[in-house]
Each structure stands twice: as C-alpha cells, then as structure tokens.
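Quick notes on the structure that follows.
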Amino acid sequence: MRKAASFAARLVVAIAIAAAVAFAQYWIWQQLNRSAEFIGTNQSIKGFAYTGFQRDQSPLKGTYPTRAELAADLDLLSRRSDGLRTYGVLDMPDLLVLAGERDLLVTAGAWIDARPDANAREVKALIDVARRMRHIERVMVGNESILRGDVTVDELIVYLDEVRKAIRKPVSTAEPWHVWLRYPELAKHVDYITVHLLPYHEGLPVDKAVEYAFQRYDEVARAHPRKKIVVGEVGWPSRGPTIDAAIPSLDNQARFVREFLAHPRTARIDYFLMEAIDQPWKVDVEGWAGPYWGMFNADREQKYALEGVVERDPYWSQKASNAAALAFIPMMLVAFFLPGWSVFGRIFLAALIQACVSTLIIGINVPVEYYLTQRDLIGLVLLIGATCMTAAVLLSHGFEFGEVLFKKKWARRFMPLAPHAPDQQPFVSIHLACYNEPPEMVIATIDSLAQMNYENFEVLVLDNNTRDEALWKPLERRCAELGPRFRFFHLANWPGFKAGALNYGLKVTDPRAEVVGVVDADYVVDPDWLACLIPHFDQPDVAVVQAPQAHRDWETQPFKRMCNWEFDGFFRIGMHHRNERNALIQHGTMTLVRRLALEEVGGWSEWCICEDTELGLRLIEKGYDTRYIDHILGRGLTPSGFSAIKSQRFRWAFGAMQILKAHLPQMIGRSNLNLAQRYHFLTGWFAWLGDALQLVFAFGSLAWTLGILLFPKAFGLPVVSLALPIFGFMIFKAALGPILYRRTMDCPWKDILGASILSVGLAHAIARGVFAGLVKKKGVFVVTPKGWRGGGALAFFNPIREEIGLLVALLMGAATLVAQRGAGNLETQLWVGILCLQCIPYVAAILCQVAAYMPERKLVATGGPVQAGRAIALIRHESA
C-alpha cells in the first residue's frame, strides 16, 4: 500500500511539473505574439497591383498560370476592389480578357527591360489591347525600368511617345518618387505620373511610414503641378530583412495598409495596393522581402483583416500546443524517474526539454511561413538537423548539470576503505608503460611506487620502442637497484603501442597477481594508493577501481594552472555523474583492474588508441561493476604546452569514435548494458560531437556568408525565429561549465576562466579527432609530452595556424557583411553575432598558446603549504 501511495505521489508530482512547464511555455508564446489592434477601415480598395504567378510558378523558369488559375484570382480580388494594375501583356494573354469579364477597370502595363526586340513586341501588344478593350482605362510603359538601369531615360521616352501616338488613352511609366524628381524631362512625355511609395525600402519605422509616403507624394506633385499622379505601388512586406527602423512583419504590414486606407487623403487619390498576392519567385529578383508584399499569401489565403485585432503570428497557438504536447511525455518521465532531484531541478530539466522541442517546432514550421526554394529547403533541413544535434548536446549537458547541482544524495559514492592486514593483501602487479620518456621523470614514478604502504606487489616497467639507450638504460639500472619486485622490460620494435606493451606485461605478470594496476610514467603515487583501494575488490563483481587523475607542479605557470583545473573539472563533476550508474570512463593511469576479468575479456585492445576506456566498456558489457573513488592518490605532470594537449585530445576524440563505431551494436542492440549505461556511452561523446558540430557550423557559416556577399538575392540572412534560439542555446551551453565549477569546486574565478578558455580552445583539435575517427579505422598513438617545449622562430604559430586561419576568415566575413549591409538591422546583427560566437574557440586557442609561453612565477615561501592545505581541504570536502 505504501509503495502504491509513493508511486501515485511521484506520478502526480511529475504530471504537475510537466503541466506547469507546458503552460508556462504557452504563456511565453502568447506574450511574444500579443494581438495588436490598429485603426480599422471598411473602405474598399481602389486597386491592386497584380501578378498572377502561383506558388511554384516563375517567369524565370517559364512556368505561367493557366486561364483557370487567373480566373480564380480575379474572382477573389473583384470582391474587394474594382481596379487592377498589370505589368505585362504577352506573358499572360488571358488576363486582360478575364478582367473585362469581371468589370474590372485595368491599368495595363507593358514590360520594358534590356531586350529591345522583346520591348518592341510588348509595346505592340499593349497598343493592340488598349485599342480593343474598353475596360483598359490607362496604360503604363515600363515598371522601374530606369531604376533597374535596363533602359535610359531617352530610350524610354521613345517607347512612351510611340504609345501616346498610337492610342487615345492616358499613358505613363512607373518609377519611385526620386526618379521623377531626378528626371523632370520624363514627365513631359507622359499623360500622368505613376509613382511608387514604399517607405520600407527607405528604412522608415512603420508608425511614420504613411505620413512619409504622402510627403513624397506631395514632393512629386509640387515638382509636376500640372500632372495627375497615380500611386502605382504602396505597401509593406510581411517578411524580409530589417532595414534600419523598417521591420517587416505581418502586424506591421496590416498596420501600414490599415493606416493608409483610413487616411483622409487616400479616398481622393488613385492608388494600387502593393500587392494583391504574394509572389515567391521574386526572391531571385528582389531579394528576401520580394515574395511577401501581398494581402493574400501564395495559397490565396488572406493574411490579415482590415478591421479588428491582428496577431503577429496567426499560428502561434497551434505551435505552442504542439510543442507542449510533444514535450509533455518526456518532461513527465524525467520528473518521475528523477525523484532524487529537488523539485526545482526537475523543473529545470523539463524546461530545457520544452525549450528544445519548441525550437524544433519553430524550425518545422518555417516552410509554412516562408516561401523556400530548393536551396533554402536543403539549408533548412541541415539547420534543423544541426538544431537537433545541438539540442541533444544541450540536454545531455543539462542532465549532468542538473544532477550535480540538484541531486540530493549520490547513491554510489565510494570512499577509500580500511587496508587489509599484510597477510591478507591480494597480490597486485603494477604495469608502467613508457616510450621515449625523460628517465628522471620515470624514475620519480618508480621511486614513489617503491614507497607504497603495501607489501604484496610487483612493478613491471615496460619500455616499448625507445631506441635511445640514454633514455631506457637508467630505468633498467634503477629497477635493478630496487630489487626483484621491480622488473624492467625493453621491448624493441613492439607492436600495439601502449596496449601492446600492457598485453606483454600480462603475459609476464606474476601468477599470484589478482589485481593489475596501471600508472602513467609521470605519476608520483601516494603511499596509500593500493592500501585504501584494493579492499574494494573484496566484492567479487568489482572489476575496476579508478582514482582521479591529478597534477603537481602546476601552481606557478598560467597554462599549467589552466590544464590542472580543466582536467579537475571532469574528475570532480563528470566522473561522479557516470559512476552513479556504473558507466565509468576508465582511464589509463591510477586504475586497478581485476586480473581474471581483464583476461576474460581478452586483455587490452591494440586496435584502439584509447585502450583504457575501451577496456572499461567491455568489462561493463560483461556485467562487471566499476567504481570511482574521488580521492587524489597520485599526481602527474601537466602536458608541456598547448600543442601537447591538442595532440592528446585529438587522440582521445579519435579513440572515442573508434569505440563508438565498434561498440554501437552493443549500445543499441542486445547486450548486458542497462538503459542508463547505454545513455551514458551514447551521449557521453556528445560534448565532443558538439565540438565537431561547431566546426561544421563554422565552415557552413563562412560558406553562407560568402553566398550572402556574392549573391545577396539568392542567399538571405537567417530566419530570426530559428536563429535566435540557437544563439541562446550556444550562450546557455557556454555558461553551464563555469556555473558547475563555481558550485562544486574550490576554484577561484580566474582559474574557472582559465579552465573554460582551455576547454573551448581545444574544440578544434577535438573536432578534427572526431572526424578522423569517424573516417579512419586505425590511429597512431602519440605520447603526450610532459617535460619540454619546442623552439624555433615560428614555433609559437605552428600549433594554432588552423585556428588563426579560421578566426581571420570569420572576422573578415563579419566585417565585410557589416560594411555591405550595415549594422542597423536585426538579421545582420544576429548573423554577425553568430559569426563572432564561432570565433570564440579560435580566440581561446590563441590565448592558450600565449599562456603556454608565459614564464614560471616564483612560488612564495608559504605557497607550497597553502596549496597543499587547499588540496587537502578539497579532498576532505569531496569526501564529506
């Protein structure tokens, strides 16, 4: 009964959390899409500028509307107006006839461009229809032909005079207001002036646009007082790039049209609303805003009403409802299966899920709101895919973040245990593999092993492929000095890298050995390493006991400090997270492995350059338990420089991809792995996959920026509604690490910053490792240098030349975009912001290299004990 009540209570709480987050996101959608009520009008529209191409038709492709499609459009428009303006005669020969059948008064246009033969045919056709059709009340020869530069003023005058001589109806041409002011001689060859008033193109805010339009109208009227003026185009787009203060949106379009129609002067002028129906094909001619000037969308649905409230996004409620429905079950399951988290923590993770789903809904709905070309659709699919991957990375980070901050108690928190009595100690074989290492460094490790508070052990020093006798002979001598429990093996031309050496060590291990320990050649171990960890093997299912990697001699050099704290973050945070579900990442130093289990799974894998992690996964797949004891029992040296740690992370990322490819069937298919372990070993690489994704983003951003700069009409700036969440995700993800450091570690802010810079600065090396690991089968094991740094005049730039190249390319793209487009609109600001965010890893890499070249500082007399006290306090704090 108690279990049933507990289950019901957990279920109620989970449903309440999911419902609260769902309702909160619905409220946010509602606030972002508040209905606006502008001045309304019941005045009929005098005329529409009309082009009849359907959604998938284009004169550029030679696809034209049928007679039936034109008839349906005119039936739709004739219910709202009795006037029509057309742009050409020959492209839609049925249009003028159909307009006459519906008693529409038509201002017929002839299309004039840079083709003299085509212009002659258009003029001839215009003269013919103007003579035959009574419902054509006036004509226009050309539309913005001078503005486009297709013809000169003198050339256009020839066409105008030809038509004026041939027909008795008024003749004009259509140009923006400034063309009529610049070329007053043009007005002498027309019977009336057709002016375009489009304040959006001039960057006017919508609240001032109508008055501005009439001011320009008056300027033209004063310049040509004896000419009647017809407004050939007046309107506002519902989508497009922001131009200075001019923001294209559905509510702004509705506001402009309503205010224009309700203006007391509008009833006294002739005008054509720009335009009747959206024309998606215009994106290739006019740019992003071109398709969105219509009162009706391309599906012939009215976009806004002329009275009542106007919604910024008519589909927001459906989107919000879909996002809530799609996220509800995952949110409820998260809240139900994490009872060990605080309520606030479960709300945090549920909100993160909801944010990711809402962003996905926005992306899926982009084709509904925008007219996308095939190129745009491909880009959108890639962007949505990248968004999904970004969301997956973010959710995995969010889960780790939430567990560390909001979990009430760790279920699997293992501590050092009381040592065995000397006569009960299992025999341990410690394997120390080395290659081309400084002998004094390895001897320090050997000496620390000799001083352990443990009686029953041996040490095998496995030097593989070191050719220089000056490097390995001192090790051989030192082992001989320490007695028979220290055995030295020099393996010349030995295959398999470190794993090969360790497998050889297994063959020559003392038969009494029950546990195999592995320590790196630069580690000085604590005397109690074996004594306090070996007792964990009293549990027969325990196969691995792992102590954290830690460092020494890092306090006085900035780059070493960065390395220390960056490493420390994983062992203080990430390893606890994975250890909680027996999904440990085994490391190749400070690790203890049950010998029988190691031999059962076939030893160390020589095909994988991360043989330690791969072994841990195989042991877990066999059903063994692995334990992490967060107690520092050995300290090694930090990598010698930024180049060294880049090489290390490249190797780790490469090996991770090898492991992922090899073990994917076990991770997703039948195996002993439980759901939590599958989750950790699938998503555990998400951080590195995120770095690879960042590199893809960088190259994609550069390619798209180049397209924007070279082909501005073909490549638009990003959709704000989709790019803004991604922008927010990137910032949120970047903030998680420092928050965790501050909450969980005794780490000063300057060191949090340093660790963050190093973590970000390694992104490029990790990304290269990921892609190499996905493509290649075998890698090359490269030892991470710990004691020296290369020289030379250009040595500083060699490790970061790729990062410098990408940084320069991104900054040049951003600067050129601002110079070409200006920095005054939101889309440019957003895209430049994204480009600048892409720069962060490359700036960080340069800062890391600078830090690596900084000199050592002298340690003050009290520095050592203070630092030691800090380390002891940290151990005690973590053990509490």
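Labels used: A, B, ... for chains in the order of the structure tokens, numbers from 1 for residues in each chain, and numbers from 1 for ligands as shown.
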
* To do: Would you mind writing down, as number ranges by chain, each residue of range 131-195 of chain A that DSSP on the backbone assigns to helix (DSSP H, G or I)?
  => A: 131-132, 145-148, 153-166, 177-182, 184-189

Write the residues of the preceding selection, restricted to C-alpha atoms, as a PDB file, in the first residue's frame.
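Produced file again10.pdb, reproduced below:
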```pdb
ATOM      1  CA  ARG A 131      -7.398  49.880 -78.695  1.00  0.00           C
ATOM      2  CA  ARG A 132      -9.639  46.803 -78.393  1.00  0.00           C
ATOM      3  CA  SER A 145      12.925  50.301 -65.957  1.00  0.00           C
ATOM      4  CA  ILE A 146      15.085  53.362 -65.291  1.00  0.00           C
ATOM      5  CA  LEU A 147      15.631  52.395 -61.640  1.00  0.00           C
ATOM      6  CA  ARG A 148      16.927  48.982 -62.706  1.00  0.00           C
ATOM      7  CA  VAL A 153      15.541  57.969 -69.993  1.00  0.00           C
ATOM      8  CA  ASP A 154      15.882  58.796 -73.693  1.00  0.00           C
ATOM      9  CA  GLU A 155      15.218  55.178 -74.700  1.00  0.00           C
ATOM     10  CA  LEU A 156      12.131  55.023 -72.518  1.00  0.00           C
ATOM     11  CA  ILE A 157      10.849  58.310 -73.947  1.00  0.00           C
ATOM     12  CA  VAL A 158      10.922  56.756 -77.431  1.00  0.00           C
ATOM     13  CA  TYR A 159       8.613  53.935 -76.250  1.00  0.00           C
ATOM     14  CA  LEU A 160       6.329  56.393 -74.444  1.00  0.00           C
ATOM     15  CA  ASP A 161       5.965  58.639 -77.483  1.00  0.00           C
ATOM     16  CA  GLU A 162       5.241  55.653 -79.696  1.00  0.00           C
ATOM     17  CA  VAL A 163       2.356  54.516 -77.489  1.00  0.00           C
ATOM     18  CA  ARG A 164       0.958  58.020 -76.984  1.00  0.00           C
ATOM     19  CA  LYS A 165       0.762  58.498 -80.717  1.00  0.00           C
ATOM     20  CA  ALA A 166      -0.966  55.157 -81.229  1.00  0.00           C
ATOM     21  CA  TRP A 177       9.379  59.160 -56.410  1.00  0.00           C
ATOM     22  CA  HIS A 178      13.065  60.098 -56.567  1.00  0.00           C
ATOM     23  CA  VAL A 179      13.320  59.116 -60.262  1.00  0.00           C
ATOM     24  CA  TRP A 180      10.548  61.584 -61.141  1.00  0.00           C
ATOM     25  CA  LEU A 181      12.392  64.295 -59.223  1.00  0.00           C
ATOM     26  CA  ARG A 182      15.735  63.470 -60.800  1.00  0.00           C
ATOM     27  CA  PRO A 184      11.888  66.093 -64.820  1.00  0.00           C
ATOM     28  CA  GLU A 185      12.097  65.720 -68.618  1.00  0.00           C
ATOM     29  CA  LEU A 186      10.444  62.327 -68.283  1.00  0.00           C
ATOM     30  CA  ALA A 187       7.206  63.966 -67.098  1.00  0.00           C
ATOM     31  CA  LYS A 188       6.895  65.837 -70.408  1.00  0.00           C
ATOM     32  CA  HIS A 189       6.338  62.574 -72.251  1.00  0.00           C
TER      33      HIS A 189
END
```

* To do: Enumerate as a ChimeraX atom specification all residues of range 67-130 of chain A assigned to strand (DSSP E or B) by DSSP on the backbone, naming them with the chain letters and numbers the document uses.
  => /A:81,83-85,105-110

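Residue nearest Gly47 in chain A, chosen from A:Ala8, A:Leu105, A:Leu360, A:Ala392 and counting only C-alpha atoms: A:Leu105.
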
Considering only C-alpha atoms, tabulate each residue of range 612-687 of chain A that lies at most 7 Å from range 520-538 of chain A along with its nearest interatomic pair and the corresponding distance in Å to one decimal; arrange the rows by chain and ascending residue number and present them as CSV.
```
residue,atom,partner,partner_atom,distance
A:Leu633,CA,A:Asp526,CA,4.8
A:Gly634,CA,A:Val525,CA,3.9
A:Arg635,CA,A:Tyr523,CA,5.3
A:Gly636,CA,A:Tyr523,CA,4.1
A:Leu637,CA,A:Asp522,CA,6.0
```

* A:Asp746, A:Glu600, A:Glu101, A:Asp278: which is nearest Lys622 in chain A, counting only C-alpha atoms? -> A:Glu600

* To do: Might you pull out every residue within 8 Å of Thr509 in chain A, with only C-alpha atoms counted and same-chain residues fewer than 4 positions away left off, and present them as a list in words?
  => Ser429, Leu460, Gly505 and Ala513 of chain A

Okay, now the selection with N, CA, C and O atoms, as a PDB file, in the first residue's frame?
```pdb
ATOM      1  N   SER A 429      49.963  -6.559  -9.435  1.00  0.00           N
ATOM      2  CA  SER A 429      51.017  -6.328 -10.421  1.00  0.00           C
ATOM      3  C   SER A 429      50.790  -4.961 -11.044  1.00  0.00           C
ATOM      4  O   SER A 429      49.762  -4.716 -11.687  1.00  0.00           O
ATOM      5  N   LEU A 460      56.150  -3.821 -13.024  1.00  0.00           N
ATOM      6  CA  LEU A 460      56.728  -4.150 -14.323  1.00  0.00           C
ATOM      7  C   LEU A 460      56.891  -2.848 -15.104  1.00  0.00           C
ATOM      8  O   LEU A 460      55.897  -2.180 -15.423  1.00  0.00           O
ATOM      9  N   GLY A 505      52.917  -7.216 -20.706  1.00  0.00           N
ATOM     10  CA  GLY A 505      53.010  -7.248 -19.253  1.00  0.00           C
ATOM     11  C   GLY A 505      52.102  -8.296 -18.640  1.00  0.00           C
ATOM     12  O   GLY A 505      52.462  -8.957 -17.654  1.00  0.00           O
ATOM     13  N   ALA A 513      49.249 -12.734  -9.027  1.00  0.00           N
ATOM     14  CA  ALA A 513      48.573 -11.433  -9.105  1.00  0.00           C
ATOM     15  C   ALA A 513      47.063 -11.601  -9.278  1.00  0.00           C
ATOM     16  O   ALA A 513      46.599 -12.314 -10.164  1.00  0.00           O
TER      17      ALA A 513
END
```

* **Of the listed residues A:Lys61, A:His764, A:Arg265, A:Arg239, that which approaches Trp288 in chain A most closely, counting only C-alpha atoms** => A:Arg239

* Proximity to Gly287 in chain A - best of A:Pro241, A:Gln354, A:Trp316, A:Trp704, only C-alpha atoms -> A:Pro241

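Distance check against Arg618 in chain A using only C-alpha atoms: of A:Leu584, A:Val442, A:Ile347, A:Val508, the minimum falls on A:Leu584.
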
Tell me, as an mmCIF file with C-alpha atoms, in the first residue's frame, which residues lie within 8 Å of Thr556 in chain A, counting only C-alpha atoms; anything in the same chain fewer than 3 positions away does not count.
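The result, stored in result03.cif:
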```cif
data_model
loop_
_atom_site.group_PDB
_atom_site.id
_atom_site.type_symbol
_atom_site.label_atom_id
_atom_site.label_comp_id
_atom_site.auth_asym_id
_atom_site.auth_seq_id
_atom_site.Cartn_x
_atom_site.Cartn_y
_atom_site.Cartn_z
ATOM 1 C CA ASP A 553 53.842 21.483 -10.016
ATOM 2 C CA LYS A 560 49.685 24.562 -16.266
ATOM 3 C CA ARG A 561 47.031 26.080 -13.988
ATOM 4 C CA GLU A 856 57.062 30.409 -14.455
ATOM 5 C CA ARG A 857 56.419 32.552 -11.401
ATOM 6 C CA LYS A 858 58.451 32.112 -8.256
ATOM 7 C CA LEU A 859 56.480 30.418 -5.513
#
```
